[in-house]
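In what follows, a structure is listed as structure tokens, so that the remarks can point back to it.
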Amino acid sequence: MAQPANRPVFAPWTDPNEKPLIQFKNVTKKFGEFVAIDDMTLDIYRREFFALLGPSGCGKTTLMRMLAGFEAPSEGKILLDGVDIAPIPPNKRATNMMFQSYALFPHLSVWDNIAFGLHRSDMPKDQISARVEEMLRLVKLEKFAKRKPHQISGGQRQRVALARSLAKAPKLLLLDEPLGALDKKLRQDTQFELMDIQEKTGTTFVIVTHDQEEAMTVASRVAVMDHGKMIQVDTPDRIYETPNSVYVADFIGDVNLIEGKASAPKDGKVSIAWAEGQPEIVAETGETIAPGTTVHFAIRPEKVAISVDKPKDRANVLEGTVSDIAYLGNISTYKVEVAGGQMIKTQVANDRRIARRDITWDDKVWLSFTDTAGVVLTS
Amino acid sequence: MNRKFSWFNATSLTLGFAFLYLPMLILIIFSFNESKLVTVWAGFSTKWYGELVRDQAFLNAAWTTLKVAVISSSVSTVLGTMAAYVIVRAGRFTGRTLFSGMIYAPLVMPEVITGLAMLLLFITIGLDRGVTTIILAHITFTMCFVSVVVSSRLATFDKSLEEAALDLGCTPWDAFRSVTLPIIAPAVISGWLLAFTLSLDDLVISQFVAGPSATTLPMKIFSSVRLGVNPQINALSTIMIAIVTIGVISASLITKRSIARQRAEEQAAVRN
Amino acid sequence: MNPRRLFLILTPYLWLLVFFLIPFVIVLKISLSDYAISIPPYTPTFDLSAGWEGFKSFLSALDTENFTFLATDALYYTAYLSSLKIAFIATVLTLLVAYPIAYGMAQAPDEWRPTLMMLVILPFWTSFLIRVYSWIGILSNEGFLNQFLLWLGVIDTPLIILNTQAAVYVGIVYTYLPFMILPIYSALEKLDGSLIEAAEDLGCSKIQAFWLVTFPLSRPGVIAGCFLVFIPTLGEFVIPSLLGGSSTLMIGKVLYEEFFSNRDWPVASAVAVVLLLILIIPIVLFQRNEQKQREAN
């Protein structure tokens with residue numbers, strides 16, 4: 001998420017004095033033999049927009065349901081504001097949830113849906129209606145207050161669900177695939193709306209999603225999960241640029257993975273032998289790698305340049321043959337076969353209206369990238 | 001898809017429904033027969049209806065039947081709904097298999113066996129036979145039908161609605177009362193209607209458990225039709241068929257209209 | 001376990017235990033007792049005050065004599081066999097009548113379907129007893145069917161139908177028809193019309209397409225319908241006693257008479273126990289069919 005330059009960067013996780021709002025301490029959750037969450041430790045800070053990202057069955061929904069109180073951890077502790085929430089039932093927790101199905105009460109009007117939680121608190125009647133009005137304004141649904149859920153569109157239902165879960169001003173709002181049921185165009189608009197509302201209300205949001213683009217767009221930090229474990233927790237740009245594992249690199253966006261044997265690093269650089277008789281790939285790395293270790297070199301397609309003539313001043317240059325071209329409108333993707341049958345994808349922005357005719361199927365081409373364009377992954 | 005009836009389908013439907021409805025139609029027509037001979041038409045008359053409403057034994061039986069049906073179907077709706085909730089929501093507990101077995105068994109149990117077993121229980125515990133025992137027996141066999149109707153609704157009920165209610169501060173009972181119950185109400189009502197009809201209709205089980213002091217309408221009908229066809233029974237049947245027909249038709253019209261309205265509103269919602 | 005959950009589970013559970021399970025235990029127990037001219041008319045009776053010794057002597061007095069009796073007396077095993085035969089034939093007849101109706105409904109124009117559906121369900125809500133009764137006037141010697149046939153000139157002396165097995169078949173087919181139509185209809189209704197078109201496109205005639213595509217795909221509904229007719233018919237009491245006369249042997253009627261006319265509770269209980277054992281087979285098969293359907297969806 002890009003931050004305006006004149007504001008201090010929002011990064012409470014880098015501040016050792018900042019107290020986390022939520023702490024998972026060695027939490028494990030088992031369903032019978034199945035381990036849904038495996039010894040997880042995680043801090044989430046106030047005002048964060050925190051995304052749990054992973055394929056279905058990775059444990060992200062279980063994690064959220066433990067926060068809401070619908071599941072209890074098998075081992076470990078979950079603290080909210082420093083207090084263990086295990087003994088608190090869902091109806092007493094200062095968290096609210098927006099359900100994947102929205103779970104709007106079909107027999108109640110939009111107004112009554114939003115007021116539902118307020119009626120269960122000790123808020124006086126007149127304040128309730130003021131609060132409901134405020135929520136309706138926030139999600140721009142003032143005109144629909146009297147309608148029943150089946151009388152409004154999918155996008156409006158999504159906003160009612162959001163208003164209802166925000167009405168009680170929870171310390172923490174949980175969003176379970178909140179945009180999953182919307183079509184692509186509406187989803188993108190709503191992502192920005194969500195960010196806007198999050199900023200306006202100052203609520204901490206935890207969102208569960210399997211859509212990496214969505215996570216990258218809305219979140220201040222993204223946690224990539226797999227098989228009940230956190231693989232990487234970091235800001236969207238760092239997740240994309242410096243994935244810590246093949247899994248994360250592959251899960252987020254498009255990536256070329258080249259397997260090879262690394263030499264010992266020299267001046268923070270390592271050479272990777274990846275194919276017989278080919279120049280080794282040179283890449284920067286911060287890690288210490290034992291010589292002869294099998295590593296993966298990961299590089300994003302848009303960081304690989306393609307040309308007909310051999311470039312001179314690049315750290316890495318590979319020769320190959322174009323095997324496939326896909327024209328996607330704003331960009332074109334080339335699949336190039338290099339030595340050993342390895343396929344490398346490259347993306348070129350179509351910044352000119354007339355298609356580049358200089359590269360076509362079966363052409364001999366040169367691929368090139370700098371020594372800082374990719375990352376070396378040992379796991 | 002807009003298809004027309006083919007010759008074959010039109011014939012099979014006509015014959016099929018003629019088979020289903022002709023006997024009842026004949027029954028109704030001959031309830032207005034002047035003659036006591038129910039198979040020979042002797043002119044229009046409503047005298048059998050008059051005799052029916054003056055027959056104190058029939059009126060008593062009708063009153064007993066109604067009383068039994070209202071009480072037993074109401075209790076069985078409560079118990080059946082609880083049982084449905086246990087089946088669908090309670091998860092694992094000791095004796096769950098036995099429980100679901102006991103819920104489904106009465107559906108396929110021959111009435112003679114259920115009736116015999118109930119009667120032997122009442123004798124063993126020394127309960128005097130009469131209206132009370134009929135009510136107890138009817139509650140037991142109808143609650144299973146209620147629980148099947150309600151549990152099939154609960155099975156498709158989005159559980160996150162209840163979780164949302166809890167999440168918004170409801171206690172579990174509060175969530176049931178203010179969210180689950182209003183939503184499953186149509187199924188609960190059909191469960192009640194089913195239990196009511198089954199109780200109203202039941203002959204065999206009542207026959208076993210009623211004892212000499214109580215007689216229900218089906219028992220009265222059974223004992224008089226054993227002696228042959230009787231125009232008074234035709235009149236009674238006509239009244240019962242009329243009530244059911246009005247009930248079913250109006251119920252289906254109400255559902256049809258509310259579905260049509262809901263659909264129209266949904267389409268309107270998509271448009272704006 | 002929290003008290004609310006306990007209350008929720010225990011209320012229906014205890015009710016069913018007391019009013020459903022325990023009665024069957026009592027039936028089982030009495031089926032192992034002997035007939036006696038006393039109140040209640042069987043022996044031994046269980047006396048709680050006699051304690052453990054009393055219980056032991058009570059147990060030793062139970063025997064399987066009644067079951068041996070059922071197996072050796074022709075009345076009973078003929079009644080079981082005849083019930084099985086009647087239930088089987090009636091099920092096949094019901095299927096033959098129901099299938100064309102269900103098929104016609106599934107093929108009917110969309111706007112007709114709710115009405116047709118209601119027409120099938122309506123008899124289901126109408127008193128069973130009245131529906132059986134309505135056939136007495138039709139099938140009797142001077143009944144409408146005979147009058148009609150005589151008028152047509154097909155016959156010159158009235159047919160004897162009432163109080164024969166034929167009348168029982170008519171009664172069963174008539175009363176259980178909706179139970180067969182509904183599952184077959186719901187199977188046929190789900191059928192994708194393009195499958196038939198595909199079959200015809202691949203060279204099937206209309207009739208071949210029916211036997212090779214439509215019928216096999218409606219089989220789950222057919223099987224479910226058959227069980228829904230067969231299982232209750234086996235223990236049927238009202239239809240044989242109103243339409244079947246004394247010549248029709250069905251086990252439900254035998255049980256009823258054993259209990260009320262002969263007052264032989266132990267034998268009546270034994271009849272019930274054996275009927276229950278016979279029913280377990282189709283019930284288990286039915287459950288398995290339903291389970292398979294649920295998994296397939």
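Going through the structure tokens in order, the chains are called A, B, and so on, while each chain numbers its residues from 1 and the ligands are numbered from 1 in the order shown.
Near chain A, within 7 Å and counting only C-alpha atoms, the residues of chain B are Ser160, Leu161, Ala164, Leu166, Asp167, Leu168, Gly169, Cys170, Thr171, Val179, Ile183, Glu265, Glu266, Ala269 and Val270 of chain B.
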**Study point:** Residues within 7 Å of C:Glu200, only C-alpha atoms, excluding chain neighbours under 5 positions, as a VMD selection string
**Key:** chain C and resid 205 to 206 209
Those selected residues, please, written with N, CA and C atoms and delivered as a PDB file, in the first residue's frame.
```pdb
ATOM      1  N   SER C 205     -33.851 -44.488 -31.312  1.00  0.00           N
ATOM      2  CA  SER C 205     -35.231 -44.104 -31.521  1.00  0.00           C
ATOM      3  C   SER C 205     -35.752 -43.561 -30.199  1.00  0.00           C
ATOM      4  N   LYS C 206     -36.960 -42.986 -30.200  1.00  0.00           N
ATOM      5  CA  LYS C 206     -37.510 -42.426 -28.962  1.00  0.00           C
ATOM      6  C   LYS C 206     -37.619 -43.487 -27.871  1.00  0.00           C
ATOM      7  N   ALA C 209     -34.186 -44.488 -26.621  1.00  0.00           N
ATOM      8  CA  ALA C 209     -33.660 -43.430 -25.760  1.00  0.00           C
ATOM      9  C   ALA C 209     -34.275 -43.533 -24.372  1.00  0.00           C
TER      10      ALA C 209
END
```
At a cut-off of 12 Å, can you tabulate as JSON lines every residue of stretch 221-282 of chain C near stretch 119-134 of chain B together with its closest atom pair and the distance in Å to one decimal, using only C-alpha atoms and ordering rows by chain then number?
```
{"residue": "C:Phe259", "atom": "CA", "partner": "B:Leu119", "partner_atom": "CA", "distance": 10.9}
{"residue": "C:Phe260", "atom": "CA", "partner": "B:Leu119", "partner_atom": "CA", "distance": 11.8}
{"residue": "C:Trp265", "atom": "CA", "partner": "B:Leu120", "partner_atom": "CA", "distance": 9.1}
{"residue": "C:Pro266", "atom": "CA", "partner": "B:Leu120", "partner_atom": "CA", "distance": 10.9}
{"residue": "C:Ala268", "atom": "CA", "partner": "B:Leu120", "partner_atom": "CA", "distance": 11.2}
{"residue": "C:Ser269", "atom": "CA", "partner": "B:Leu120", "partner_atom": "CA", "distance": 9.5}
```
Find the residues near A:Lys200: any atom within 12 Å, counting only C-alpha atoms, skip ones fewer than 6 places away on the same chain, and give them as a JSON list (two decimals) with N, CA and C atoms, in the first residue's frame.
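Result file follows (around-v8.json):
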```json
[["chain", "number", "residue", "atom", "x", "y", "z"],
["A", 47, "ARG", "N", -5.11, -0.80, 14.42],
["A", 47, "ARG", "CA", -5.31, -0.08, 13.16],
["A", 47, "ARG", "C", -4.71, -0.77, 11.96],
["A", 135, "MET", "N", -24.23, 4.45, 10.36],
["A", 135, "MET", "CA", -23.71, 3.30, 9.62],
["A", 135, "MET", "C", -24.25, 3.28, 8.19],
["A", 138, "LEU", "N", -22.40, 5.68, 6.23],
["A", 138, "LEU", "CA", -21.03, 5.22, 5.97],
["A", 138, "LEU", "C", -20.99, 4.32, 4.74],
["A", 139, "VAL", "N", -21.99, 3.43, 4.62],
["A", 139, "VAL", "CA", -21.97, 2.50, 3.49],
["A", 139, "VAL", "C", -22.91, 2.95, 2.37],
["A", 166, "LEU", "N", -19.80, -3.45, 11.81],
["A", 166, "LEU", "CA", -19.09, -2.28, 12.34],
["A", 166, "LEU", "C", -19.92, -1.51, 13.37],
["A", 193, "GLU", "N", -13.12, 0.90, -1.24],
["A", 193, "GLU", "CA", -14.11, 1.36, -0.27],
["A", 193, "GLU", "C", -13.79, 0.80, 1.12],
["A", 194, "LEU", "N", -13.42, -0.49, 1.14],
["A", 194, "LEU", "CA", -13.07, -1.13, 2.41],
["A", 194, "LEU", "C", -11.91, -0.40, 3.07]]
```
**Study point:** Residue hits in chain C, query chain B, radius 6 Å, only C-alpha atoms, as JSON, numbers by chain
**Key:** {"C": [12, 23, 24, 27, 100, 101, 104, 108, 109, 127, 134, 143, 235, 272]}
Go ahead and save the picked residues with C-alpha atoms, as an mmCIF file, in the first residue's frame.
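Below is the file selection24.cif, written as the result:
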```cif
data_model
loop_
_atom_site.group_PDB
_atom_site.id
_atom_site.type_symbol
_atom_site.label_atom_id
_atom_site.label_comp_id
_atom_site.auth_asym_id
_atom_site.auth_seq_id
_atom_site.Cartn_x
_atom_site.Cartn_y
_atom_site.Cartn_z
ATOM 1 C CA PRO C 12 -36.724 -35.849 23.192
ATOM 2 C CA PRO C 23 -42.416 -50.657 24.674
ATOM 3 C CA PHE C 24 -40.406 -52.793 22.267
ATOM 4 C CA VAL C 27 -43.032 -56.715 23.431
ATOM 5 C CA PRO C 100 -46.441 -43.086 -16.695
ATOM 6 C CA ILE C 101 -48.030 -40.500 -14.400
ATOM 7 C CA GLY C 104 -46.193 -37.280 -17.830
ATOM 8 C CA ALA C 108 -45.574 -31.385 -18.667
ATOM 9 C CA PRO C 109 -45.271 -27.665 -19.478
ATOM 10 C CA SER C 127 -57.894 -39.551 5.279
ATOM 11 C CA SER C 134 -64.408 -45.200 -1.217
ATOM 12 C CA GLY C 143 -71.193 -51.592 -7.001
ATOM 13 C CA GLY C 235 -47.704 -54.699 7.883
ATOM 14 C CA ALA C 272 -44.727 -58.581 15.951
#
```
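All residues of stretch 143-183 of chain A that DSSP, run on the backbone, classes as alpha helix (DSSP H) are Gly154, Gly155, Gln156, Arg157, Gln158, Arg159, Val160, Ala161, Leu162, Ala163, Arg164, Ser165 and Leu166 of chain A.
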Output file for the selection above: C-alpha atoms, as an mmCIF file, in the first residue's frame:
```
data_model
loop_
_atom_site.group_PDB
_atom_site.id
_atom_site.type_symbol
_atom_site.label_atom_id
_atom_site.label_comp_id
_atom_site.auth_asym_id
_atom_site.auth_seq_id
_atom_site.Cartn_x
_atom_site.Cartn_y
_atom_site.Cartn_z
ATOM 1 C CA GLY A 154 -25.344 -8.463 -3.995
ATOM 2 C CA GLY A 155 -23.078 -5.447 -3.635
ATOM 3 C CA GLN A 156 -25.588 -3.723 -1.352
ATOM 4 C CA ARG A 157 -25.906 -6.841 0.756
ATOM 5 C CA GLN A 158 -22.161 -6.875 1.172
ATOM 6 C CA ARG A 159 -22.293 -3.303 2.476
ATOM 7 C CA VAL A 160 -25.144 -4.094 4.885
ATOM 8 C CA ALA A 161 -23.060 -6.950 6.275
ATOM 9 C CA LEU A 162 -20.142 -4.578 6.728
ATOM 10 C CA ALA A 163 -22.302 -1.924 8.401
ATOM 11 C CA ARG A 164 -23.833 -4.497 10.732
ATOM 12 C CA SER A 165 -20.465 -5.805 11.862
ATOM 13 C CA LEU A 166 -19.089 -2.279 12.338
#
```
